[in-house]
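Report on the following structure.
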Amino acid sequence: MDTPQLLTLRTYGADGPLHHHDHVQIVLPMQGEMEIEVGGRGSRLDLTRAAFVAPDIGHAQSAQGPNRFLILDCKLADIGDDAAERLRIQTFLPIPAAVRRLVEFIDLSRVDGAAGHALPESVIRHCSPLLLAALTASPQRQSRLQPLLLRIEAAPGQAWTAARMARVANLSVSRLHALFKAELGRTPQEWLSDLRVRFVQDALAGSDLPLAELALRAGYSDQSALTRAMRRTTGMTPAAYRRQHR
């Protein structure tokens, strides 16, 4: 590779061939899901799970429908032998909330052109080391919020009041708010609102679900509430967003 660390955006089709390369590769989902096999181990990548591919390890992938993945290529020396061995054994990595926010920022920075998606050089230069450091850091004690966040992400359309979140996380409401502020920099309802908009954006780009049905699945009272949320967050109506991203 010409650069020690390189970020690229890629889309995948079905039945990718088995291949390998002489550098480290980390695969992070941005949109859609993908089945991947790394060194004989298989898993499904989604917004909560990434894959670590060590040098010279055979891997193959298969994706269907609209998808977009952030690929971080780097040299083994950028990670270090100890971290590389730990990640090689683990292979499939949970994506912490801080990494998810960084990936979302990178995605918003993409430039769409005739040749596909690309990232500005300044984004690659500044974000590559941040992303690599966050993904390869020694594991810390799991956040008390993580099981709750995964449960909400699996069913964003349910009635997630602060009281219910606190009950699921076995926390008081005040403690729940304090942890959200400390770890995510926002209130529980702010985080939930962002999650629902992301859910809608993926569905608009990747499905033909009627807007009224999509609104209910995402937890909005009706299509008008969804439209207001999309305008507030993206400056676009759901219909306009679908036209632009299909």
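Naming works like this for the structure tokens: A, B, ... for the chains as they're shown, residue 1 at the start of each chain, ligands 1 onward in shown order.
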request  = Please identify all polymer residues within 9 Å of A:Leu179, counting only C-alpha atoms, omitting same-chain residues fewer than 6 positions from it, and present them as a list in words.
outcome  =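 Selected residues are Ser143, Arg144, Leu145, Gly185 and Thr187 of chain A.
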Save out the residues we just selected, N, CA, C and O atoms, as an mmCIF file, in the first residue's frame.
```cif
data_model
loop_
_atom_site.group_PDB
_atom_site.id
_atom_site.type_symbol
_atom_site.label_atom_id
_atom_site.label_comp_id
_atom_site.auth_asym_id
_atom_site.auth_seq_id
_atom_site.Cartn_x
_atom_site.Cartn_y
_atom_site.Cartn_z
ATOM 1 N N SER A 143 -19.692 -1.399 29.061
ATOM 2 C CA SER A 143 -20.608 -0.397 29.566
ATOM 3 C C SER A 143 -21.902 -1.052 30.038
ATOM 4 O O SER A 143 -22.396 -2.007 29.424
ATOM 5 N N ARG A 144 -22.479 -0.524 31.094
ATOM 6 C CA ARG A 144 -23.765 -1.023 31.555
ATOM 7 C C ARG A 144 -24.875 -0.716 30.562
ATOM 8 O O ARG A 144 -25.942 -1.311 30.608
ATOM 9 N N LEU A 145 -24.596 0.211 29.635
ATOM 10 C CA LEU A 145 -25.610 0.564 28.635
ATOM 11 C C LEU A 145 -25.620 -0.381 27.435
ATOM 12 O O LEU A 145 -26.618 -0.432 26.718
ATOM 13 N N GLY A 185 -22.927 11.395 25.271
ATOM 14 C CA GLY A 185 -23.018 12.833 25.089
ATOM 15 C C GLY A 185 -24.396 13.336 24.754
ATOM 16 O O GLY A 185 -24.548 14.420 24.185
ATOM 17 N N THR A 187 -28.989 12.738 25.774
ATOM 18 C CA THR A 187 -29.985 12.120 26.644
ATOM 19 C C THR A 187 -30.474 10.820 26.000
ATOM 20 O O THR A 187 -30.269 10.589 24.801
#
```
Compile a residue-level contact table for stretch 36-132 of chain A against stretch 7-29 of chain A at a cut-off of 7 Å, reporting for every qualifying residue the shortest atom pair and its distance in Å to one decimal, with only C-alpha atoms counted, rows ordered by chain and ascending number, as JSON lines.
```
{"residue": "A:Leu45", "atom": "CA", "partner": "A:Pro29", "partner_atom": "CA", "distance": 6.6}
{"residue": "A:Asp46", "atom": "CA", "partner": "A:Pro29", "partner_atom": "CA", "distance": 5.7}
{"residue": "A:Leu47", "atom": "CA", "partner": "A:Pro29", "partner_atom": "CA", "distance": 5.6}
{"residue": "A:Ala50", "atom": "CA", "partner": "A:Leu28", "partner_atom": "CA", "distance": 4.8}
{"residue": "A:Ala51", "atom": "CA", "partner": "A:Val27", "partner_atom": "CA", "distance": 5.1}
{"residue": "A:Phe52", "atom": "CA", "partner": "A:Ile26", "partner_atom": "CA", "distance": 4.7}
{"residue": "A:Val53", "atom": "CA", "partner": "A:Gln25", "partner_atom": "CA", "distance": 5.1}
{"residue": "A:Ala54", "atom": "CA", "partner": "A:Val24", "partner_atom": "CA", "distance": 5.0}
{"residue": "A:Pro55", "atom": "CA", "partner": "A:Asp22", "partner_atom": "CA", "distance": 4.6}
{"residue": "A:Asp56", "atom": "CA", "partner": "A:His20", "partner_atom": "CA", "distance": 5.2}
{"residue": "A:Ile57", "atom": "CA", "partner": "A:His20", "partner_atom": "CA", "distance": 5.6}
{"residue": "A:Gly58", "atom": "CA", "partner": "A:His20", "partner_atom": "CA", "distance": 4.7}
{"residue": "A:His59", "atom": "CA", "partner": "A:Leu18", "partner_atom": "CA", "distance": 5.3}
{"residue": "A:Ala60", "atom": "CA", "partner": "A:Leu18", "partner_atom": "CA", "distance": 4.5}
{"residue": "A:Gln61", "atom": "CA", "partner": "A:Gly16", "partner_atom": "CA", "distance": 5.2}
{"residue": "A:Ser62", "atom": "CA", "partner": "A:Ala14", "partner_atom": "CA", "distance": 4.3}
{"residue": "A:Ala63", "atom": "CA", "partner": "A:Ala14", "partner_atom": "CA", "distance": 5.1}
{"residue": "A:Gln64", "atom": "CA", "partner": "A:Ala14", "partner_atom": "CA", "distance": 6.0}
{"residue": "A:Asn67", "atom": "CA", "partner": "A:Thr11", "partner_atom": "CA", "distance": 5.6}
{"residue": "A:Arg68", "atom": "CA", "partner": "A:Thr11", "partner_atom": "CA", "distance": 4.8}
{"residue": "A:Phe69", "atom": "CA", "partner": "A:Pro29", "partner_atom": "CA", "distance": 4.5}
{"residue": "A:Leu70", "atom": "CA", "partner": "A:Leu9", "partner_atom": "CA", "distance": 4.9}
{"residue": "A:Ile71", "atom": "CA", "partner": "A:Val27", "partner_atom": "CA", "distance": 4.9}
{"residue": "A:Leu72", "atom": "CA", "partner": "A:Leu7", "partner_atom": "CA", "distance": 4.8}
{"residue": "A:Asp73", "atom": "CA", "partner": "A:Gln25", "partner_atom": "CA", "distance": 4.6}
{"residue": "A:Cys74", "atom": "CA", "partner": "A:Val24", "partner_atom": "CA", "distance": 5.3}
{"residue": "A:Lys75", "atom": "CA", "partner": "A:His23", "partner_atom": "CA", "distance": 5.3}
{"residue": "A:Leu76", "atom": "CA", "partner": "A:Val24", "partner_atom": "CA", "distance": 6.0}
{"residue": "A:His117", "atom": "CA", "partner": "A:Leu9", "partner_atom": "CA", "distance": 6.3}
{"residue": "A:Ala118", "atom": "CA", "partner": "A:Leu9", "partner_atom": "CA", "distance": 6.5}
{"residue": "A:Leu119", "atom": "CA", "partner": "A:Thr8", "partner_atom": "CA", "distance": 7.0}
{"residue": "A:Ile124", "atom": "CA", "partner": "A:Leu7", "partner_atom": "CA", "distance": 5.8}
{"residue": "A:Ser128", "atom": "CA", "partner": "A:Leu7", "partner_atom": "CA", "distance": 6.5}
```
Emit the selected residues as a compact mmCIF listing (two decimals), in the first residue's frame, including N, CA, C and O atoms.
```
# COMPACT_ATOMS: atom_id res chain seq x y z
N LEU A 45 -22.15 -9.38 9.49
CA LEU A 45 -21.79 -8.03 9.90
C LEU A 45 -23.00 -7.12 9.76
O LEU A 45 -23.71 -7.15 8.75
N ASP A 46 -23.23 -6.29 10.78
CA ASP A 46 -24.28 -5.28 10.75
C ASP A 46 -23.76 -4.07 11.49
O ASP A 46 -22.56 -3.95 11.74
N LEU A 47 -24.64 -3.15 11.85
CA LEU A 47 -24.19 -1.90 12.46
C LEU A 47 -23.56 -2.09 13.83
O LEU A 47 -22.99 -1.15 14.38
N ALA A 50 -18.13 -5.61 13.46
CA ALA A 50 -17.13 -5.44 12.41
C ALA A 50 -16.30 -6.73 12.31
O ALA A 50 -16.43 -7.64 13.13
N ALA A 51 -15.46 -6.81 11.29
CA ALA A 51 -14.60 -7.98 11.11
C ALA A 51 -13.15 -7.54 11.01
O ALA A 51 -12.83 -6.53 10.37
N PHE A 52 -12.26 -8.31 11.64
CA PHE A 52 -10.82 -8.09 11.56
C PHE A 52 -10.21 -9.19 10.70
O PHE A 52 -10.39 -10.38 10.99
N VAL A 53 -9.52 -8.80 9.65
CA VAL A 53 -8.89 -9.76 8.75
C VAL A 53 -7.37 -9.58 8.85
O VAL A 53 -6.84 -8.54 8.45
N ALA A 54 -6.71 -10.58 9.39
CA ALA A 54 -5.26 -10.52 9.54
C ALA A 54 -4.57 -10.77 8.20
O ALA A 54 -5.18 -11.32 7.27
N PRO A 55 -3.31 -10.39 8.06
CA PRO A 55 -2.59 -10.63 6.80
C PRO A 55 -2.57 -12.11 6.44
O PRO A 55 -2.41 -12.98 7.29
N ASP A 56 -2.75 -12.38 5.14
CA ASP A 56 -2.65 -13.72 4.56
C ASP A 56 -3.72 -14.68 5.07
O ASP A 56 -3.57 -15.90 4.94
N ILE A 57 -4.80 -14.17 5.65
CA ILE A 57 -5.92 -15.00 6.07
C ILE A 57 -6.99 -14.98 4.98
O ILE A 57 -7.47 -13.91 4.58
N GLY A 58 -7.39 -16.14 4.49
CA GLY A 58 -8.39 -16.22 3.46
C GLY A 58 -9.76 -15.77 3.96
O GLY A 58 -10.15 -16.10 5.08
N HIS A 59 -10.46 -15.01 3.15
CA HIS A 59 -11.78 -14.54 3.53
C HIS A 59 -12.64 -14.33 2.29
O HIS A 59 -12.13 -14.08 1.19
N ALA A 60 -13.95 -14.47 2.47
CA ALA A 60 -14.92 -14.28 1.40
C ALA A 60 -16.18 -13.68 2.00
O ALA A 60 -16.46 -13.87 3.18
N GLN A 61 -16.93 -12.96 1.19
CA GLN A 61 -18.11 -12.28 1.69
C GLN A 61 -19.24 -12.36 0.68
O GLN A 61 -19.02 -12.59 -0.51
N SER A 62 -20.46 -12.17 1.19
CA SER A 62 -21.64 -12.18 0.33
C SER A 62 -22.66 -11.22 0.91
O SER A 62 -23.02 -11.31 2.08
N ALA A 63 -23.13 -10.28 0.09
CA ALA A 63 -24.12 -9.30 0.52
C ALA A 63 -25.22 -9.21 -0.53
O ALA A 63 -24.97 -9.39 -1.72
N GLN A 64 -26.42 -8.94 -0.07
CA GLN A 64 -27.55 -8.75 -0.97
C GLN A 64 -28.25 -7.44 -0.63
O GLN A 64 -28.31 -7.05 0.53
N ASN A 67 -25.92 -1.85 0.05
CA ASN A 67 -24.99 -1.94 1.17
C ASN A 67 -23.81 -1.00 0.95
O ASN A 67 -23.50 -0.63 -0.19
N ARG A 68 -23.19 -0.64 2.03
CA ARG A 68 -22.00 0.21 1.97
C ARG A 68 -21.15 -0.10 3.20
O ARG A 68 -21.66 -0.14 4.32
N PHE A 69 -19.85 -0.32 2.98
CA PHE A 69 -18.96 -0.69 4.06
C PHE A 69 -17.73 0.21 4.04
O PHE A 69 -17.24 0.61 2.98
N LEU A 70 -17.25 0.52 5.24
CA LEU A 70 -16.02 1.29 5.40
C LEU A 70 -14.89 0.30 5.61
O LEU A 70 -14.93 -0.52 6.53
N ILE A 71 -13.87 0.37 4.77
CA ILE A 71 -12.74 -0.55 4.84
C ILE A 71 -11.51 0.21 5.31
O ILE A 71 -11.10 1.20 4.70
N LEU A 72 -10.93 -0.27 6.39
CA LEU A 72 -9.69 0.31 6.92
C LEU A 72 -8.55 -0.67 6.64
O LEU A 72 -8.51 -1.76 7.20
N ASP A 73 -7.65 -0.30 5.75
CA ASP A 73 -6.46 -1.09 5.45
C ASP A 73 -5.27 -0.47 6.16
O ASP A 73 -5.10 0.76 6.16
N CYS A 74 -4.43 -1.29 6.75
CA CYS A 74 -3.24 -0.77 7.43
C CYS A 74 -2.17 -1.85 7.49
O CYS A 74 -2.42 -3.02 7.18
N LYS A 75 -1.00 -1.46 7.91
CA LYS A 75 0.10 -2.40 8.09
C LYS A 75 0.03 -3.05 9.46
O LYS A 75 -0.51 -2.47 10.40
N LEU A 76 0.58 -4.25 9.55
CA LEU A 76 0.60 -4.95 10.83
C LEU A 76 1.32 -4.12 11.90
O LEU A 76 0.92 -4.11 13.06
N HIS A 117 -18.66 6.13 -4.55
CA HIS A 117 -18.43 6.91 -3.35
C HIS A 117 -16.93 7.08 -3.11
O HIS A 117 -16.14 6.17 -3.36
N ALA A 118 -16.54 8.24 -2.60
CA ALA A 118 -15.14 8.49 -2.25
C ALA A 118 -15.10 9.34 -0.99
O ALA A 118 -16.09 9.98 -0.62
N LEU A 119 -13.96 9.33 -0.33
CA LEU A 119 -13.77 10.12 0.88
C LEU A 119 -12.73 11.20 0.64
O LEU A 119 -11.71 10.94 -0.02
N ILE A 124 -9.66 11.04 5.41
CA ILE A 124 -8.82 9.84 5.51
C ILE A 124 -7.64 10.09 6.42
O ILE A 124 -7.33 9.28 7.31
N SER A 128 -8.42 8.08 9.98
CA SER A 128 -7.83 6.73 9.97
C SER A 128 -7.15 6.40 11.30
O SER A 128 -7.43 5.35 11.90
```
message = Set the distance at 12 Å and use only C-alpha atoms: which residues neighbour A:Gln244 once local chain neighbours fewer than 3 positions away are removed? I'd like the list as a ChimeraX atom specification.
response = /A:112,201,204-206,236-241
remark   = Shortest contact to A:Arg196, candidates A:Ala155, A:Leu93, A:Ile36, A:Leu130, atoms counted only C-alpha atoms, goes to A:Ala155
inquiry  = When you look at A:Ala154 with a cut-off of 12 Å (counting only C-alpha atoms), what residues show up, excluding the ones that are within fewer than 3 positions of it in the same chain? I need them as a list of chain:residue names.
reply    =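 The filter keeps A:Asp46, A:Leu47, A:Thr48, A:Pro147, A:Leu148, A:Leu149, A:Leu150, A:Arg151, A:Gly157, A:Gln158, A:Leu195, A:Arg196, A:Phe199, A:Arg217, A:Ala218.
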query = Distance atom CA of A:Ala215-atom CA of A:Val111, one decimal place?
reply = 28.5 Å
ask   = How many Å lie between atom CA of A:Leu214 and atom CA of A:Leu226, rounded to one decimal?
value =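 Answer for the atom CA of A:Leu214 to atom CA of A:Leu226 separation: 8.7 Å.
Secondary structure of stretch 108-160 of chain A, strand (DSSP E or B) only (DSSP, backbone atoms): Val111, Asp112, Gly113, Gly116, His117 and Ala118 of chain A.
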Selected residues, all heavy atoms, written as a tab-separated table (two decimals), in the first residue's frame, please.
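The resulting file, out04.tsv, is reproduced below:
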```
chain	number	residue	atom	x	y	z
A	111	VAL	N	-18.17	11.72	-0.76
A	111	VAL	CA	-18.48	12.45	-1.98
A	111	VAL	C	-19.01	11.45	-2.98
A	111	VAL	O	-18.34	10.46	-3.31
A	111	VAL	CB	-17.23	13.16	-2.54
A	111	VAL	CG1	-17.57	13.88	-3.84
A	111	VAL	CG2	-16.67	14.14	-1.51
A	112	ASP	N	-20.21	11.67	-3.48
A	112	ASP	CA	-20.81	10.76	-4.44
A	112	ASP	C	-20.55	11.28	-5.86
A	112	ASP	O	-20.89	12.41	-6.19
A	112	ASP	CB	-22.33	10.65	-4.22
A	112	ASP	CG	-22.65	10.08	-2.85
A	112	ASP	OD1	-21.83	9.28	-2.35
A	112	ASP	OD2	-23.69	10.44	-2.27
A	113	GLY	N	-19.91	10.43	-6.65
A	113	GLY	CA	-19.60	10.82	-8.02
A	113	GLY	C	-19.96	9.73	-9.01
A	113	GLY	O	-20.51	8.70	-8.65
A	116	GLY	N	-18.65	6.37	-8.17
A	116	GLY	CA	-19.06	5.78	-6.90
A	116	GLY	C	-18.76	6.71	-5.74
A	116	GLY	O	-18.61	7.93	-5.91
A	117	HIS	N	-18.66	6.13	-4.55
A	117	HIS	CA	-18.43	6.91	-3.35
A	117	HIS	C	-16.93	7.08	-3.11
A	117	HIS	O	-16.14	6.17	-3.36
A	117	HIS	CB	-19.05	6.22	-2.14
A	117	HIS	CG	-20.50	5.89	-2.30
A	117	HIS	ND1	-21.46	6.85	-2.58
A	117	HIS	CD2	-21.17	4.71	-2.22
A	117	HIS	CE1	-22.64	6.27	-2.66
A	117	HIS	NE2	-22.49	4.97	-2.46
A	118	ALA	N	-16.54	8.24	-2.60
A	118	ALA	CA	-15.14	8.49	-2.25
A	118	ALA	C	-15.10	9.34	-0.99
A	118	ALA	O	-16.09	9.98	-0.62
A	118	ALA	CB	-14.43	9.20	-3.40
```
task = Extract, using only C-alpha atoms, all DNA, RNA and protein residues at most 8 Å from A:Ala212, discarding same-chain residues fewer than 4 positions from it, and format them as a list in words.
result = Leu216, Asp222 and Gln223 of chain A
ask   = Mind pulling up the distance from atom CA of A:Pro210 to atom CA of A:Ala225?
value = 14.6 Å
